[in-house]
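Input: a single structure, listed below in structure tokens.
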Amino acid sequence: MKATEANFDGLVGLTHHYAGLSFGNEASTRNQLQPSNPRLAAKQGLLKMKALADMGYLQGVIPPHERPNIAALRQLGFSGSDEQVLSRAGKTAPGLLSAASSASAMWVANAATVSPSADSGDGRVHLTVANLNNKFHRAMEAPETALLLRAIFRDSHHFTVHDALPQVAMFGDEGAANHNRFGGDYGERGVQLFVYGRDSSHEGMAPQRYPARQTREASEAVARLHQLSPDHLLFAQQNPAVIDQGVFHNDVIAVSNQQMLFCHQHAFVDQPALLAELQARVAGFVALEVPENRVSVKDAVNTYLFNSQLLSQPDGSMLLVLPEESRQHTGVWDYLCEQVESGGPLKALKVFDLRESMYNGGGPACLRLRVVLTPQEQQAVNPAVMMNDRLFATLNQWVDRHYRDRLTQADLVDPQLLREGRDALDELTKLLDLGNVYAFQQ
Ligand SMILES: NCCC[C@H](NC(=O)CCC(=O)O)C(=O)O
């Protein structure tokens, strides 16, 4: 048996709502204050996980965080009983209550950066929790993410979960959404490409309108923590002009798998040089670059064409897993169908309706964290989180029992919502054999 790539998807939490918290992420801004449907959101995610598991891909689930985050609100000076904290925050600072209630941990492409054991100096799988420093609602995810990842990748003989980098702008780190790994077989040493939005120690190109969330300093620190060899490591800057058009993470404009990079023509600074470098370092490297005159950056952002999952099929060809929005757009869909018919590396397309997540700027790729695992490492993962028919049924029933089908910002003060969340997560820790990972369980 060879090493394989597993996908771990974030399970959407009970407080999923549209709060407009992510300046630079245009869907988040556009859909602020729309009512959400947390139950549907969770089920849309579960359907994708189940479909990929049924197709033979190794698929796991990463649980939601406890929200509202009462401890975060207390840290900001809201006091009294938990119910009083909620009502005081709701009255005087609804935006902060929204941030403390965000279900944003669902986008696990931002949970951590992962390096397979074949690439690291000590032969372990390394995961560095992302500090998500650019946004308050996301920065609070880091400590809980570390606990959850340790409850899943719990065998320290095989896995090292590093705490997040220091919580300052200089080390802004958004995890695997700005990271690619190229190579042949998954179990062979690969070439890792870290993509950053700005280099905080050098004056240079930076976006003007929207923030660059990932820094070069953060990427370099993660590469050191993971003990990667400099010969198998590349750093590239994301094109600041596309960040200003709403490409807040690299996975909104590029996706890769094994020898293949699928990206927009305008994804990177000095793209020809980067592609030549990859050509030189990765045997069999192929780039499928989409020209602006076929799909504009704007359409790529609106359809999330590149926030897709590029998956290897048993015969070595590639499957692209896309959001429904890409099928709805004639220009994008025609381009994709042409590629499949052309006999190129892309052989199949699969579409999922992930609208609830898409309305907050999260497509198929945002919802998953890729972890390459050897057979021994697979054995060492907490087996209760791996998707199969039984877990799919159990989690759907769990969602039906606990989730609301409509939520607005005004509902977040409801103390009943806090209780519903704790009851649900208490049950989930048992279903997924996680131990007492949540603050309310301490
Ligand atoms: N990888 C996709 C991440 C999407 C996420 N959206 C949000 O947090 C929106 C939350 C809100 O506005 O309610 C983000 O921008 O980091």
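By order of appearance in the structure tokens: chains A, B, ..., then residues from 1 within every chain, and ligands from 1 in the order shown.
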Non-local contacts of region 169-178 of chain A (6 Å; only C-alpha atoms; under 6 positions in same chain excluded) as an MDAnalysis selection string: chainID A and resid 109:113 130:133 195 200 213:215 217:218 250:251
Keeping only N, CA, C and O atoms, write the selected residues as a JSON list (two decimals), in the first residue's frame.
[["chain", "number", "residue", "atom", "x", "y", "z"],
["A", 109, "ALA", "N", -9.30, 24.65, 5.31],
["A", 109, "ALA", "CA", -8.10, 24.93, 4.52],
["A", 109, "ALA", "C", -7.28, 26.00, 5.22],
["A", 109, "ALA", "O", -6.09, 26.17, 4.95],
["A", 110, "ASN", "N", -7.91, 26.73, 6.14],
["A", 110, "ASN", "CA", -7.22, 27.75, 6.92],
["A", 110, "ASN", "C", -6.92, 27.29, 8.35],
["A", 110, "ASN", "O", -6.53, 28.09, 9.20],
["A", 111, "ALA", "N", -7.16, 26.01, 8.63],
["A", 111, "ALA", "CA", -6.89, 25.53, 10.00],
["A", 111, "ALA", "C", -5.40, 25.39, 10.24],
["A", 111, "ALA", "O", -4.89, 25.70, 11.32],
["A", 112, "ALA", "N", -4.68, 24.91, 9.24],
["A", 112, "ALA", "CA", -3.26, 24.58, 9.43],
["A", 112, "ALA", "C", -2.58, 24.43, 8.08],
["A", 112, "ALA", "O", -3.24, 24.29, 7.06],
["A", 113, "THR", "N", -1.25, 24.43, 8.10],
["A", 113, "THR", "CA", -0.45, 24.02, 6.94],
["A", 113, "THR", "C", 0.09, 22.63, 7.26],
["A", 113, "THR", "O", 0.52, 22.39, 8.39],
["A", 130, "ALA", "N", -2.82, 27.61, 11.89],
["A", 130, "ALA", "CA", -2.74, 28.97, 11.34],
["A", 130, "ALA", "C", -3.22, 29.98, 12.39],
["A", 130, "ALA", "O", -4.20, 29.72, 13.09],
["A", 131, "ASN", "N", -2.53, 31.11, 12.48],
["A", 131, "ASN", "CA", -2.97, 32.11, 13.48],
["A", 131, "ASN", "C", -4.11, 32.99, 12.97],
["A", 131, "ASN", "O", -4.80, 33.63, 13.76],
["A", 132, "LEU", "N", -4.33, 33.04, 11.67],
["A", 132, "LEU", "CA", -5.45, 33.78, 11.07],
["A", 132, "LEU", "C", -5.54, 35.19, 11.63],
["A", 132, "LEU", "O", -6.61, 35.72, 11.95],
["A", 133, "ASN", "N", -4.34, 35.78, 11.74],
["A", 133, "ASN", "CA", -4.17, 37.05, 12.44],
["A", 133, "ASN", "C", -4.91, 38.24, 11.85],
["A", 133, "ASN", "O", -5.18, 39.23, 12.55],
["A", 195, "VAL", "N", 2.82, 30.35, -0.82],
["A", 195, "VAL", "CA", 2.42, 31.59, -1.51],
["A", 195, "VAL", "C", 2.07, 32.65, -0.46],
["A", 195, "VAL", "O", 1.28, 32.38, 0.44],
["A", 200, "SER", "N", 6.71, 41.45, 4.86],
["A", 200, "SER", "CA", 6.61, 42.63, 5.72],
["A", 200, "SER", "C", 7.97, 43.26, 6.02],
["A", 200, "SER", "O", 8.03, 44.36, 6.53],
["A", 213, "ARG", "N", -3.28, 38.75, 3.53],
["A", 213, "ARG", "CA", -3.37, 38.11, 4.85],
["A", 213, "ARG", "C", -2.12, 37.29, 5.22],
["A", 213, "ARG", "O", -1.81, 37.11, 6.38],
["A", 214, "GLN", "N", -1.45, 36.74, 4.19],
["A", 214, "GLN", "CA", -0.32, 35.84, 4.47],
["A", 214, "GLN", "C", 0.99, 36.58, 4.25],
["A", 214, "GLN", "O", 1.17, 37.24, 3.22],
["A", 215, "THR", "N", 1.93, 36.44, 5.18],
["A", 215, "THR", "CA", 3.24, 37.07, 4.98],
["A", 215, "THR", "C", 4.30, 36.03, 4.63],
["A", 215, "THR", "O", 4.20, 34.85, 5.00],
["A", 217, "GLU", "N", 7.19, 36.02, 5.95],
["A", 217, "GLU", "CA", 7.82, 35.64, 7.22],
["A", 217, "GLU", "C", 7.10, 34.44, 7.85],
["A", 217, "GLU", "O", 7.73, 33.55, 8.42],
["A", 218, "ALA", "N", 5.77, 34.43, 7.74],
["A", 218, "ALA", "CA", 5.00, 33.31, 8.30],
["A", 218, "ALA", "C", 5.31, 32.03, 7.52],
["A", 218, "ALA", "O", 5.57, 30.97, 8.11],
["A", 250, "ASN", "N", -4.76, 32.36, -1.80],
["A", 250, "ASN", "CA", -4.29, 31.81, -3.08],
["A", 250, "ASN", "C", -5.23, 30.73, -3.63],
["A", 250, "ASN", "O", -5.32, 30.55, -4.85],
["A", 251, "ASP", "N", -5.93, 30.01, -2.74],
["A", 251, "ASP", "CA", -6.80, 28.94, -3.26],
["A", 251, "ASP", "C", -8.08, 29.48, -3.92],
["A", 251, "ASP", "O", -8.94, 28.70, -4.30]]
Could you give me, as a Markdown table, every chain A residue with an atom at most 7 Å from ligand 1, plus its closest atom pair and distance in Å to one decimal, counting only C-alpha atoms and all ligand atoms, rows ordered by chain then number?
| residue | atom | partner | partner_atom_place_in_ligand_line | distance |
| --- | --- | --- | --- | --- |
| A:His17 | CA | ligand 1 | 13 (O) | 5.7 |
| A:Tyr18 | CA | ligand 1 | 13 (O) | 4.0 |
| A:Ala19 | CA | ligand 1 | 13 (O) | 3.6 |
| A:Gly20 | CA | ligand 1 | 12 (O) | 3.5 |
| A:Leu21 | CA | ligand 1 | 12 (O) | 3.8 |
| A:Ser22 | CA | ligand 1 | 15 (O) | 4.7 |
| A:Asn25 | CA | ligand 1 | 15 (O) | 5.4 |
| A:Ser28 | CA | ligand 1 | 12 (O) | 4.3 |
| A:Thr29 | CA | ligand 1 | 12 (O) | 6.5 |
| A:Gln32 | CA | ligand 1 | 12 (O) | 6.5 |
| A:Ser102 | CA | ligand 1 | 13 (O) | 6.1 |
| A:Ser104 | CA | ligand 1 | 8 (O) | 5.0 |
| A:Trp107 | CA | ligand 1 | 1 (N) | 5.3 |
| A:Ala109 | CA | ligand 1 | 1 (N) | 6.1 |
| A:Asn110 | CA | ligand 1 | 1 (N) | 6.1 |
| A:Arg138 | CA | ligand 1 | 8 (O) | 6.6 |
| A:Ala177 | CA | ligand 1 | 1 (N) | 6.6 |
| A:His249 | CA | ligand 1 | 1 (N) | 6.8 |
| A:Asn360 | CA | ligand 1 | 9 (C) | 4.7 |
| A:Gly361 | CA | ligand 1 | 4 (C) | 4.8 |
| A:Gly362 | CA | ligand 1 | 2 (C) | 4.1 |
| A:Gly363 | CA | ligand 1 | 2 (C) | 7.0 |
| A:Cys366 | CA | ligand 1 | 1 (N) | 4.1 |
Could the residues in this selection be written to a file with N, CA and C atoms, as a PDB file, in the first residue's frame?
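Saved the output as again-v6.pdb:
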ATOM      1  N   HIS A  17     -23.644  31.907  10.247  1.00  0.00           N
ATOM      2  CA  HIS A  17     -24.459  33.059   9.843  1.00  0.00           C
ATOM      3  C   HIS A  17     -23.621  34.007   8.990  1.00  0.00           C
ATOM      4  N   TYR A  18     -24.282  35.005   8.426  1.00  0.00           N
ATOM      5  CA  TYR A  18     -23.611  35.928   7.507  1.00  0.00           C
ATOM      6  C   TYR A  18     -23.389  37.265   8.187  1.00  0.00           C
ATOM      7  N   ALA A  19     -22.149  37.528   8.580  1.00  0.00           N
ATOM      8  CA  ALA A  19     -21.867  38.679   9.428  1.00  0.00           C
ATOM      9  C   ALA A  19     -21.041  39.757   8.740  1.00  0.00           C
ATOM     10  N   GLY A  20     -20.589  39.498   7.523  1.00  0.00           N
ATOM     11  CA  GLY A  20     -19.794  40.525   6.827  1.00  0.00           C
ATOM     12  C   GLY A  20     -18.496  40.841   7.548  1.00  0.00           C
ATOM     13  N   LEU A  21     -17.852  39.818   8.074  1.00  0.00           N
ATOM     14  CA  LEU A  21     -16.679  40.039   8.934  1.00  0.00           C
ATOM     15  C   LEU A  21     -15.359  40.097   8.174  1.00  0.00           C
ATOM     16  N   SER A  22     -15.374  39.676   6.912  1.00  0.00           N
ATOM     17  CA  SER A  22     -14.095  39.472   6.223  1.00  0.00           C
ATOM     18  C   SER A  22     -13.865  40.488   5.121  1.00  0.00           C
ATOM     19  N   ASN A  25     -12.983  39.808   1.338  1.00  0.00           N
ATOM     20  CA  ASN A  25     -13.705  38.627   0.851  1.00  0.00           C
ATOM     21  C   ASN A  25     -15.081  39.153   0.430  1.00  0.00           C
ATOM     22  N   SER A  28     -18.481  37.642   1.579  1.00  0.00           N
ATOM     23  CA  SER A  28     -18.778  37.923   2.992  1.00  0.00           C
ATOM     24  C   SER A  28     -19.405  39.303   3.143  1.00  0.00           C
ATOM     25  N   THR A  29     -18.844  40.287   2.455  1.00  0.00           N
ATOM     26  CA  THR A  29     -19.366  41.654   2.537  1.00  0.00           C
ATOM     27  C   THR A  29     -20.753  41.747   1.902  1.00  0.00           C
ATOM     28  N   GLN A  32     -23.747  40.104   4.004  1.00  0.00           N
ATOM     29  CA  GLN A  32     -23.908  40.491   5.402  1.00  0.00           C
ATOM     30  C   GLN A  32     -25.388  40.650   5.751  1.00  0.00           C
ATOM     31  N   SER A 102     -19.028  33.395  15.054  1.00  0.00           N
ATOM     32  CA  SER A 102     -18.824  32.943  13.683  1.00  0.00           C
ATOM     33  C   SER A 102     -18.491  31.456  13.636  1.00  0.00           C
ATOM     34  N   SER A 104     -16.744  30.240  11.384  1.00  0.00           N
ATOM     35  CA  SER A 104     -15.690  30.265  10.373  1.00  0.00           C
ATOM     36  C   SER A 104     -14.684  29.108  10.460  1.00  0.00           C
ATOM     37  N   TRP A 107     -13.962  26.419   7.593  1.00  0.00           N
ATOM     38  CA  TRP A 107     -13.071  26.496   6.426  1.00  0.00           C
ATOM     39  C   TRP A 107     -11.683  25.999   6.842  1.00  0.00           C
ATOM     40  N   ALA A 109      -9.303  24.647   5.308  1.00  0.00           N
ATOM     41  CA  ALA A 109      -8.098  24.931   4.517  1.00  0.00           C
ATOM     42  C   ALA A 109      -7.281  26.001   5.224  1.00  0.00           C
ATOM     43  N   ASN A 110      -7.907  26.730   6.137  1.00  0.00           N
ATOM     44  CA  ASN A 110      -7.221  27.754   6.925  1.00  0.00           C
ATOM     45  C   ASN A 110      -6.917  27.285   8.347  1.00  0.00           C
ATOM     46  N   ARG A 138     -11.454  35.093  13.159  1.00  0.00           N
ATOM     47  CA  ARG A 138     -10.717  33.903  12.764  1.00  0.00           C
ATOM     48  C   ARG A 138      -9.505  33.658  13.674  1.00  0.00           C
ATOM     49  N   ALA A 177      -4.451  27.161   2.629  1.00  0.00           N
ATOM     50  CA  ALA A 177      -5.046  27.888   1.496  1.00  0.00           C
ATOM     51  C   ALA A 177      -3.980  28.626   0.690  1.00  0.00           C
ATOM     52  N   HIS A 249      -7.309  34.602  -0.611  1.00  0.00           N
ATOM     53  CA  HIS A 249      -6.384  33.482  -0.380  1.00  0.00           C
ATOM     54  C   HIS A 249      -5.937  32.970  -1.745  1.00  0.00           C
ATOM     55  N   ASN A 360     -20.434  32.949   2.105  1.00  0.00           N
ATOM     56  CA  ASN A 360     -19.420  33.563   2.968  1.00  0.00           C
ATOM     57  C   ASN A 360     -18.021  33.436   2.362  1.00  0.00           C
ATOM     58  N   GLY A 361     -17.973  33.073   1.082  1.00  0.00           N
ATOM     59  CA  GLY A 361     -16.676  33.006   0.401  1.00  0.00           C
ATOM     60  C   GLY A 361     -15.921  31.710   0.615  1.00  0.00           C
ATOM     61  N   GLY A 362     -16.625  30.631   0.879  1.00  0.00           N
ATOM     62  CA  GLY A 362     -15.951  29.341   1.087  1.00  0.00           C
ATOM     63  C   GLY A 362     -16.436  28.285   0.121  1.00  0.00           C
ATOM     64  N   GLY A 363     -15.600  27.853  -0.807  1.00  0.00           N
ATOM     65  CA  GLY A 363     -15.970  26.817  -1.777  1.00  0.00           C
ATOM     66  C   GLY A 363     -15.469  25.439  -1.354  1.00  0.00           C
ATOM     67  N   CYS A 366     -11.982  25.398   0.232  1.00  0.00           N
ATOM     68  CA  CYS A 366     -11.896  26.035   1.560  1.00  0.00           C
ATOM     69  C   CYS A 366     -12.337  25.077   2.654  1.00  0.00           C
TER      70      CYS A 366
END
DSSP on the backbone: what in region 173-421 of chain A comes out alpha helix (DSSP H), as a ChimeraX atom specification? /A:216-225,240-243,271-281,297-303,324-328,330-341,355-358,375-380,389-402,415-421
Can you work out which one of A:Phe78, A:Pro375, A:Gly246, A:Phe235 has the shortest atom-to-atom distance to Lys91 (chain A), counting only C-alpha atoms?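 Answer, going by the shortest atom-to-atom distance: A:Phe78.
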Computed interatomic separation between CA of His266 (chain A) and CA of Val372 (chain A) (Å):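 Separation of CA of His266 (chain A) and CA of Val372 (chain A): 28.6 Å.
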Can you list every residue of region 36-98 of chain A that has an atom at most 9 Å from region 143-159 of chain A, with its nearest atom pair and the distance in Å to one decimal, using only C-alpha atoms, ordered by chain then number, as a tab-separated table?
residue	atom	partner	partner_atom	distance
A:Ile62	CA	A:Leu148	CA	7.5
A:Pro63	CA	A:Leu148	CA	7.5
A:His65	CA	A:Glu144	CA	6.8
A:Glu66	CA	A:Glu144	CA	8.6
I'd like the contact shell of region 396-406 of chain A - 9 Å cut-off, only C-alpha atoms, skipping same-chain residues fewer than 5 positions apart - returned as a ChimeraX atom specification. /A:13-15,17,35-40,42-43,46,391,420-421,423-424,427-428
Using only C-alpha atoms, which of A:Leu233, A:Ala348, A:Val297, A:Leu431 sits nearest Gln309 (chain A)? A:Ala348
